[in-house]
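Peer 1: One file is attached below, final_27.cif, containing mmCIF, C-alpha atoms and all ligand atoms.
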data_target
#
loop_
_atom_site.group_PDB
_atom_site.id
_atom_site.type_symbol
_atom_site.label_atom_id
_atom_site.label_comp_id
_atom_site.auth_asym_id
_atom_site.auth_seq_id
_atom_site.Cartn_x
_atom_site.Cartn_y
_atom_site.Cartn_z
ATOM 1 C CA MET A 1 19.971 2.077 -6.099
ATOM 2 C CA MET A 2 19.876 1.367 -2.387
ATOM 3 C CA HIS A 3 17.935 -1.417 -0.759
ATOM 4 C CA LYS A 4 14.399 -0.492 0.247
ATOM 5 C CA ARG A 5 13.328 -1.810 3.619
ATOM 6 C CA LEU A 6 9.858 -0.270 3.662
ATOM 7 C CA VAL A 7 7.458 -0.889 0.799
ATOM 8 C CA LEU A 8 4.228 1.111 0.803
ATOM 9 C CA LEU A 9 1.485 -0.313 -1.366
ATOM 10 C CA ASP A 10 -1.645 1.425 -2.454
ATOM 11 C CA ARG A 11 -4.548 -1.012 -2.073
ATOM 12 C CA ASP A 12 -7.261 -0.665 -4.729
ATOM 13 C CA GLY A 13 -5.699 -1.182 -8.151
ATOM 14 C CA VAL A 14 -2.462 -2.603 -6.723
ATOM 15 C CA LEU A 15 -3.436 -5.468 -4.384
ATOM 16 C CA ASN A 16 -7.026 -5.873 -5.551
ATOM 17 C CA VAL A 17 -8.935 -4.993 -8.682
ATOM 18 C CA ASP A 18 -10.409 -1.525 -8.178
ATOM 19 C CA SER A 19 -14.079 -2.208 -8.776
ATOM 20 C CA GLY A 20 -15.094 0.752 -6.578
ATOM 21 C CA TYR A 21 -15.512 0.977 -2.809
ATOM 22 C CA VAL A 22 -14.468 -2.609 -2.104
ATOM 23 C CA HIS A 23 -15.266 -3.425 1.531
ATOM 24 C CA THR A 24 -16.065 -7.138 1.787
ATOM 25 C CA PRO A 25 -14.084 -10.306 1.033
ATOM 26 C CA ALA A 26 -16.720 -11.236 -1.578
ATOM 27 C CA GLN A 27 -15.878 -8.056 -3.504
ATOM 28 C CA TRP A 28 -12.139 -8.591 -3.217
ATOM 29 C CA GLN A 29 -10.444 -9.795 -6.384
ATOM 30 C CA TRP A 30 -6.656 -10.135 -6.201
ATOM 31 C CA ILE A 31 -4.534 -8.456 -8.830
ATOM 32 C CA ASP A 32 -2.528 -11.177 -10.614
ATOM 33 C CA GLY A 33 0.565 -12.059 -8.621
ATOM 34 C CA ALA A 34 -0.316 -9.788 -5.681
ATOM 35 C CA PRO A 35 -0.144 -12.405 -2.882
ATOM 36 C CA GLN A 36 3.101 -13.726 -4.354
ATOM 37 C CA ALA A 37 4.444 -10.171 -4.561
ATOM 38 C CA VAL A 38 3.797 -9.475 -0.874
ATOM 39 C CA ALA A 39 5.331 -12.817 0.139
ATOM 40 C CA TYR A 40 8.374 -12.085 -2.003
ATOM 41 C CA LEU A 41 8.897 -8.652 -0.456
ATOM 42 C CA VAL A 42 8.633 -10.109 3.042
ATOM 43 C CA ARG A 43 11.182 -12.816 2.115
ATOM 44 C CA CYS A 44 13.459 -10.027 0.899
ATOM 45 C CA GLY A 45 13.308 -8.538 4.401
ATOM 46 C CA CYS A 46 11.011 -5.630 3.579
ATOM 47 C CA ARG A 47 8.316 -4.314 5.876
ATOM 48 C CA VAL A 48 5.221 -4.124 3.678
ATOM 49 C CA VAL A 49 2.395 -1.742 4.549
ATOM 50 C CA VAL A 50 -0.722 -0.467 2.807
ATOM 51 C CA VAL A 51 -1.632 3.213 2.461
ATOM 52 C CA THR A 52 -5.162 3.626 1.144
ATOM 53 C CA ASN A 53 -7.789 6.349 0.810
ATOM 54 C CA GLN A 54 -11.123 4.931 1.971
ATOM 55 C CA SER A 55 -13.545 7.786 1.451
ATOM 56 C CA GLY A 56 -16.374 5.242 1.321
ATOM 57 C CA ILE A 57 -16.295 5.514 5.121
ATOM 58 C CA ALA A 58 -16.910 9.275 5.013
ATOM 59 C CA ARG A 59 -19.554 8.711 2.351
ATOM 60 C CA GLY A 60 -21.433 6.362 4.689
ATOM 61 C CA MET A 61 -21.052 3.394 2.353
ATOM 62 C CA TYR A 62 -19.262 1.227 4.914
ATOM 63 C CA THR A 63 -17.732 1.496 8.358
ATOM 64 C CA GLU A 64 -14.191 1.503 9.707
ATOM 65 C CA SER A 65 -14.976 -1.772 11.407
ATOM 66 C CA GLN A 66 -15.870 -3.355 8.042
ATOM 67 C CA VAL A 67 -12.615 -2.103 6.551
ATOM 68 C CA GLN A 68 -10.629 -3.487 9.482
ATOM 69 C CA SER A 69 -12.353 -6.867 9.155
ATOM 70 C CA LEU A 70 -11.587 -6.924 5.441
ATOM 71 C CA HIS A 71 -7.939 -6.175 6.135
ATOM 72 C CA GLN A 72 -7.740 -8.993 8.663
ATOM 73 C CA TRP A 73 -9.180 -11.315 6.028
ATOM 74 C CA VAL A 74 -6.628 -10.059 3.488
ATOM 75 C CA ASN A 75 -3.830 -10.914 5.895
ATOM 76 C CA ASP A 76 -5.314 -14.373 6.531
ATOM 77 C CA GLU A 77 -5.175 -14.929 2.775
ATOM 78 C CA LEU A 78 -1.641 -13.552 2.483
ATOM 79 C CA ARG A 79 -0.274 -15.754 5.265
ATOM 80 C CA VAL A 80 -1.120 -18.816 3.170
ATOM 81 C CA TYR A 81 1.503 -17.530 0.722
ATOM 82 C CA GLY A 82 3.945 -16.602 3.471
ATOM 83 C CA GLY A 83 3.247 -12.869 3.240
ATOM 84 C CA GLU A 84 1.777 -10.293 5.557
ATOM 85 C CA ILE A 85 0.871 -6.619 5.564
ATOM 86 C CA ALA A 86 2.581 -5.265 8.697
ATOM 87 C CA ARG A 87 0.069 -2.453 8.965
ATOM 88 C CA PHE A 88 -2.838 -1.034 7.012
ATOM 89 C CA TYR A 89 -3.035 2.762 7.031
ATOM 90 C CA TYR A 90 -6.330 4.059 5.728
ATOM 91 C CA CYS A 91 -7.806 7.535 5.476
ATOM 92 C CA PRO A 92 -11.538 7.577 6.264
ATOM 93 C CA HIS A 93 -11.948 11.317 5.649
ATOM 94 C CA LEU A 94 -13.432 13.466 2.913
ATOM 95 C CA PRO A 95 -14.245 17.181 2.869
ATOM 96 C CA GLN A 96 -18.029 17.815 2.640
ATOM 97 C CA ALA A 97 -18.647 14.174 3.522
ATOM 98 C CA LYS A 98 -22.015 12.753 4.406
ATOM 99 C CA VAL A 99 -20.844 11.374 7.777
ATOM 100 C CA PRO A 100 -20.052 14.416 9.971
ATOM 101 C CA ALA A 101 -17.363 12.643 11.996
ATOM 102 C CA TYR A 102 -15.254 12.216 8.847
ATOM 103 C CA ASP A 103 -16.018 15.544 7.191
ATOM 104 C CA CYS A 104 -12.708 17.360 7.273
ATOM 105 C CA VAL A 105 -9.674 18.412 5.308
ATOM 106 C CA CYS A 106 -7.172 15.983 6.798
ATOM 107 C CA ASP A 107 -3.462 15.494 6.332
ATOM 108 C CA CYS A 108 -3.753 11.807 5.464
ATOM 109 C CA ARG A 109 -5.883 11.633 2.331
ATOM 110 C CA LYS A 110 -3.471 11.155 -0.561
ATOM 111 C CA PRO A 111 -1.969 13.187 -2.177
ATOM 112 C CA ALA A 112 -1.377 14.474 1.377
ATOM 113 C CA THR A 113 1.504 12.739 3.095
ATOM 114 C CA GLY A 114 0.098 11.870 6.547
ATOM 115 C CA MET A 115 -0.133 8.112 6.108
ATOM 116 C CA ILE A 116 3.276 7.878 4.466
ATOM 117 C CA MET A 117 4.937 9.975 7.168
ATOM 118 C CA GLN A 118 3.313 7.844 9.878
ATOM 119 C CA ALA A 119 4.470 4.656 8.166
ATOM 120 C CA LEU A 120 8.024 6.012 7.999
ATOM 121 C CA ARG A 121 7.923 6.879 11.710
ATOM 122 C CA ASP A 122 6.511 3.474 12.652
ATOM 123 C CA ALA A 123 9.253 1.743 10.659
ATOM 124 C CA GLY A 124 11.994 4.053 11.963
ATOM 125 C CA CYS A 125 12.854 4.524 8.337
ATOM 126 C CA ALA A 126 14.219 7.416 6.277
ATOM 127 C CA PRO A 127 12.310 8.406 3.125
ATOM 128 C CA ALA A 128 15.197 7.167 0.972
ATOM 129 C CA GLU A 129 14.801 3.677 2.449
ATOM 130 C CA ALA A 130 11.187 3.430 1.297
ATOM 131 C CA VAL A 131 9.403 2.971 -1.998
ATOM 132 C CA LEU A 132 5.725 3.371 -2.788
ATOM 133 C CA VAL A 133 3.814 1.433 -5.423
ATOM 134 C CA GLY A 134 0.593 3.065 -6.576
ATOM 135 C CA ASP A 135 -1.672 3.087 -9.584
ATOM 136 C CA SER A 136 -2.536 6.783 -9.669
ATOM 137 C CA GLU A 137 -0.891 10.162 -9.971
ATOM 138 C CA ARG A 138 -2.295 10.912 -6.519
ATOM 139 C CA ASP A 139 -0.131 8.124 -5.058
ATOM 140 C CA VAL A 140 2.952 9.277 -6.914
ATOM 141 C CA LEU A 141 2.444 12.867 -5.810
ATOM 142 C CA ALA A 142 1.976 11.883 -2.152
ATOM 143 C CA ALA A 143 5.185 9.855 -2.234
ATOM 144 C CA GLN A 144 7.165 12.615 -3.914
ATOM 145 C CA ARG A 145 5.972 15.142 -1.348
ATOM 146 C CA ALA A 146 7.205 12.803 1.396
ATOM 147 C CA GLY A 147 10.558 12.339 -0.326
ATOM 148 C CA VAL A 148 9.788 8.696 -1.091
ATOM 149 C CA GLU A 149 10.506 7.080 -4.439
ATOM 150 C CA ALA A 150 7.316 6.190 -6.276
ATOM 151 C CA ARG A 151 6.618 3.542 -8.880
ATOM 152 C CA LEU A 152 3.491 3.629 -10.976
ATOM 153 C CA PHE A 153 1.874 0.201 -11.414
ATOM 154 C CA SER A 154 -0.333 0.333 -14.455
ATOM 155 C CA GLY A 155 -1.586 -3.222 -14.448
ATOM 156 C CA GLY A 156 -0.255 -6.667 -15.251
ATOM 157 C CA ASN A 157 1.354 -9.023 -12.762
ATOM 158 C CA LEU A 158 2.383 -7.436 -9.468
ATOM 159 C CA TYR A 159 4.900 -10.165 -8.649
ATOM 160 C CA THR A 160 6.754 -9.512 -11.913
ATOM 161 C CA PHE A 161 6.602 -5.800 -11.175
ATOM 162 C CA VAL A 162 8.040 -5.985 -7.645
ATOM 163 C CA ARG A 163 10.762 -8.447 -8.591
ATOM 164 C CA ALA A 164 12.117 -5.798 -10.914
ATOM 165 C CA LEU A 165 11.766 -3.302 -8.088
ATOM 166 C CA VAL A 166 13.542 -5.082 -5.244
ATOM 167 C CA GLY A 167 14.907 -8.325 -6.656
ATOM 168 C CA GLY A 168 16.951 -6.638 -9.339
ATOM 169 C CA GLU A 169 18.776 -4.595 -6.749
ATOM 170 C CA ARG A 170 19.314 -7.593 -4.541
ATOM 171 C CA HIS A 171 20.796 -9.689 -7.309
ATOM 172 C CA GLU A 172 22.956 -6.782 -8.312
ATOM 173 C CA ARG A 173 24.351 -6.506 -4.791
ATOM 174 C CA ILE A 174 25.128 -10.201 -4.762
ATOM 175 C CA ARG A 175 26.923 -9.875 -8.105
ATOM 176 C CA ASN A 176 28.865 -6.857 -6.909
ATOM 177 C CA SER A 177 30.006 -8.629 -3.764
ATOM 178 C CA GLN A 178 31.472 -11.564 -5.682
HETATM 179 ZN ZN ZN A 201 -7.624 11.500 6.303
#
Reformat the file's structure so that it appears as structure tokens.
Ligand SMILES: [Zn+2]

Peer 2:
Amino acid sequence: MMHKRLVLLDRDGVLNVDSGYVHTPAQWQWIDGAPQAVAYLVRCGCRVVVVTNQSGIARGMYTESQVQSLHQWVNDELRVYGGEIARFYYCPHLPQAKVPAYDCVCDCRKPATGMIMQALRDAGCAPAEAVLVGDSERDVLAAQRAGVEARLFSGGNLYTFVRALVGGERHERIRNSQ
């Protein structure tokens, strides 16, 4: 397995507990090991980004500006651990949405591939050099459509999960080079 230099993380259910339409720091509850997981990936030399559907924006439950503020706060928290999300990609759209500006069939709402393709372009990265971690079939399908390997995270400790994902390969390379 080759080294992955771009790691795409779903947000709700991977970084934070998915309690539904999370949009403030007060609502944010880290998944166990998530800050440590991001810091570990960054130490491994990976670019770590988030790709998240945020239809709550189209539903009029919160604004893009609130989401952006939350993401800044998340990065403030992560930096304490030595981690950072290089970029947050979010889809604010939803067909038949309450807020007209976001009512459309877009190419970014997962399982569409828009956010993943943009992240690959921004990283100058081939699909084979990326891996996506998501908690739903929708994430896995989006990744597969983009030619990106997908790993389903079904709970537990995210740090343990990503060590197996990237660390195992790294240690294997070190062993092989001895
Ligand atoms: Zn969209």

Peer 1: Of the residues A:Thr113, A:Cys44, A:Gly134, A:Gly82, which is the one nearest to Gly147 of chain A, using only C-alpha atoms?

Peer 2: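 The closest residue to Gly147 of chain A is A:Thr113.
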
Peer 1: Between A:Ala58, A:Val42, A:Val74, A:Val49, single out the one closest to Ala86 of chain A, counting all atoms listed in the file.

Peer 2: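 Using all atoms listed in the file, Ala86 of chain A sits closest to A:Val49.
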
Peer 1: Within 6 Å of ligand ZN 201 (chain A), counting only C-alpha atoms and all ligand atoms: which residues, as a VMD selection string?

Peer 2: chain A and resid 91 to 93 106 to 109

Peer 1: With a distance cut-off of 9 Å and all atoms listed in the file, select the neighbouring residues of segment 120-124 of chain A, excluding the residue or stretch itself and same-chain residues fewer than 4 positions from it, and output the selection as a list in words.

Peer 2: Arg5, Leu6, Arg47, Met115, Ile116 and Ala130 of chain A

Peer 1: Which of these residues is nearest to Leu152 of chain A, using only C-alpha atoms: A:Val166, A:Met61, A:Ala101, A:Leu132?

Peer 2: A:Leu132

Peer 1: Evaluate the PyMOL selection byres (((chain A and resi 73) around 12) and not hetatm) here and jot the selected residues down as number ranges by chain.

Peer 2: A: 23-26, 28, 66-72, 74-80, 84-85

Peer 1: Anything within 10 Å of (-6.2, 7.9, -8.0): list those residues as a list of chain:residue names, counting all atoms listed in the file and sticking to the file's coordinates.

Peer 2: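 I get A:Asp10, A:Asp12, A:Gly13, A:Asn53, A:Lys110, A:Pro111, A:Gly134, A:Asp135, A:Ser136, A:Glu137, A:Arg138, A:Asp139, A:Val140 for the residues within 10 Å of that point.
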
Peer 1: Keeping only C-alpha atoms, write the selected residues to a file as a PDB file, in the frame of the given file.

Peer 2:
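As a result, part-v9.pdb now contains:
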ATOM      1  CA  ASP A  10      -1.645   1.425  -2.454  1.00  0.00           C
ATOM      2  CA  ASP A  12      -7.261  -0.665  -4.729  1.00  0.00           C
ATOM      3  CA  GLY A  13      -5.699  -1.182  -8.151  1.00  0.00           C
ATOM      4  CA  ASN A  53      -7.789   6.349   0.810  1.00  0.00           C
ATOM      5  CA  LYS A 110      -3.471  11.155  -0.561  1.00  0.00           C
ATOM      6  CA  PRO A 111      -1.969  13.187  -2.177  1.00  0.00           C
ATOM      7  CA  GLY A 134       0.593   3.065  -6.576  1.00  0.00           C
ATOM      8  CA  ASP A 135      -1.672   3.087  -9.584  1.00  0.00           C
ATOM      9  CA  SER A 136      -2.536   6.783  -9.669  1.00  0.00           C
ATOM     10  CA  GLU A 137      -0.891  10.162  -9.971  1.00  0.00           C
ATOM     11  CA  ARG A 138      -2.295  10.912  -6.519  1.00  0.00           C
ATOM     12  CA  ASP A 139      -0.131   8.124  -5.058  1.00  0.00           C
ATOM     13  CA  VAL A 140       2.952   9.277  -6.914  1.00  0.00           C
TER      14      VAL A 140
END

Peer 1: Using only C-alpha atoms, which of A:His3, A:Tyr102, A:Ala119, A:Arg145 sits nearest Thr63 of chain A?

Peer 2: A:Tyr102
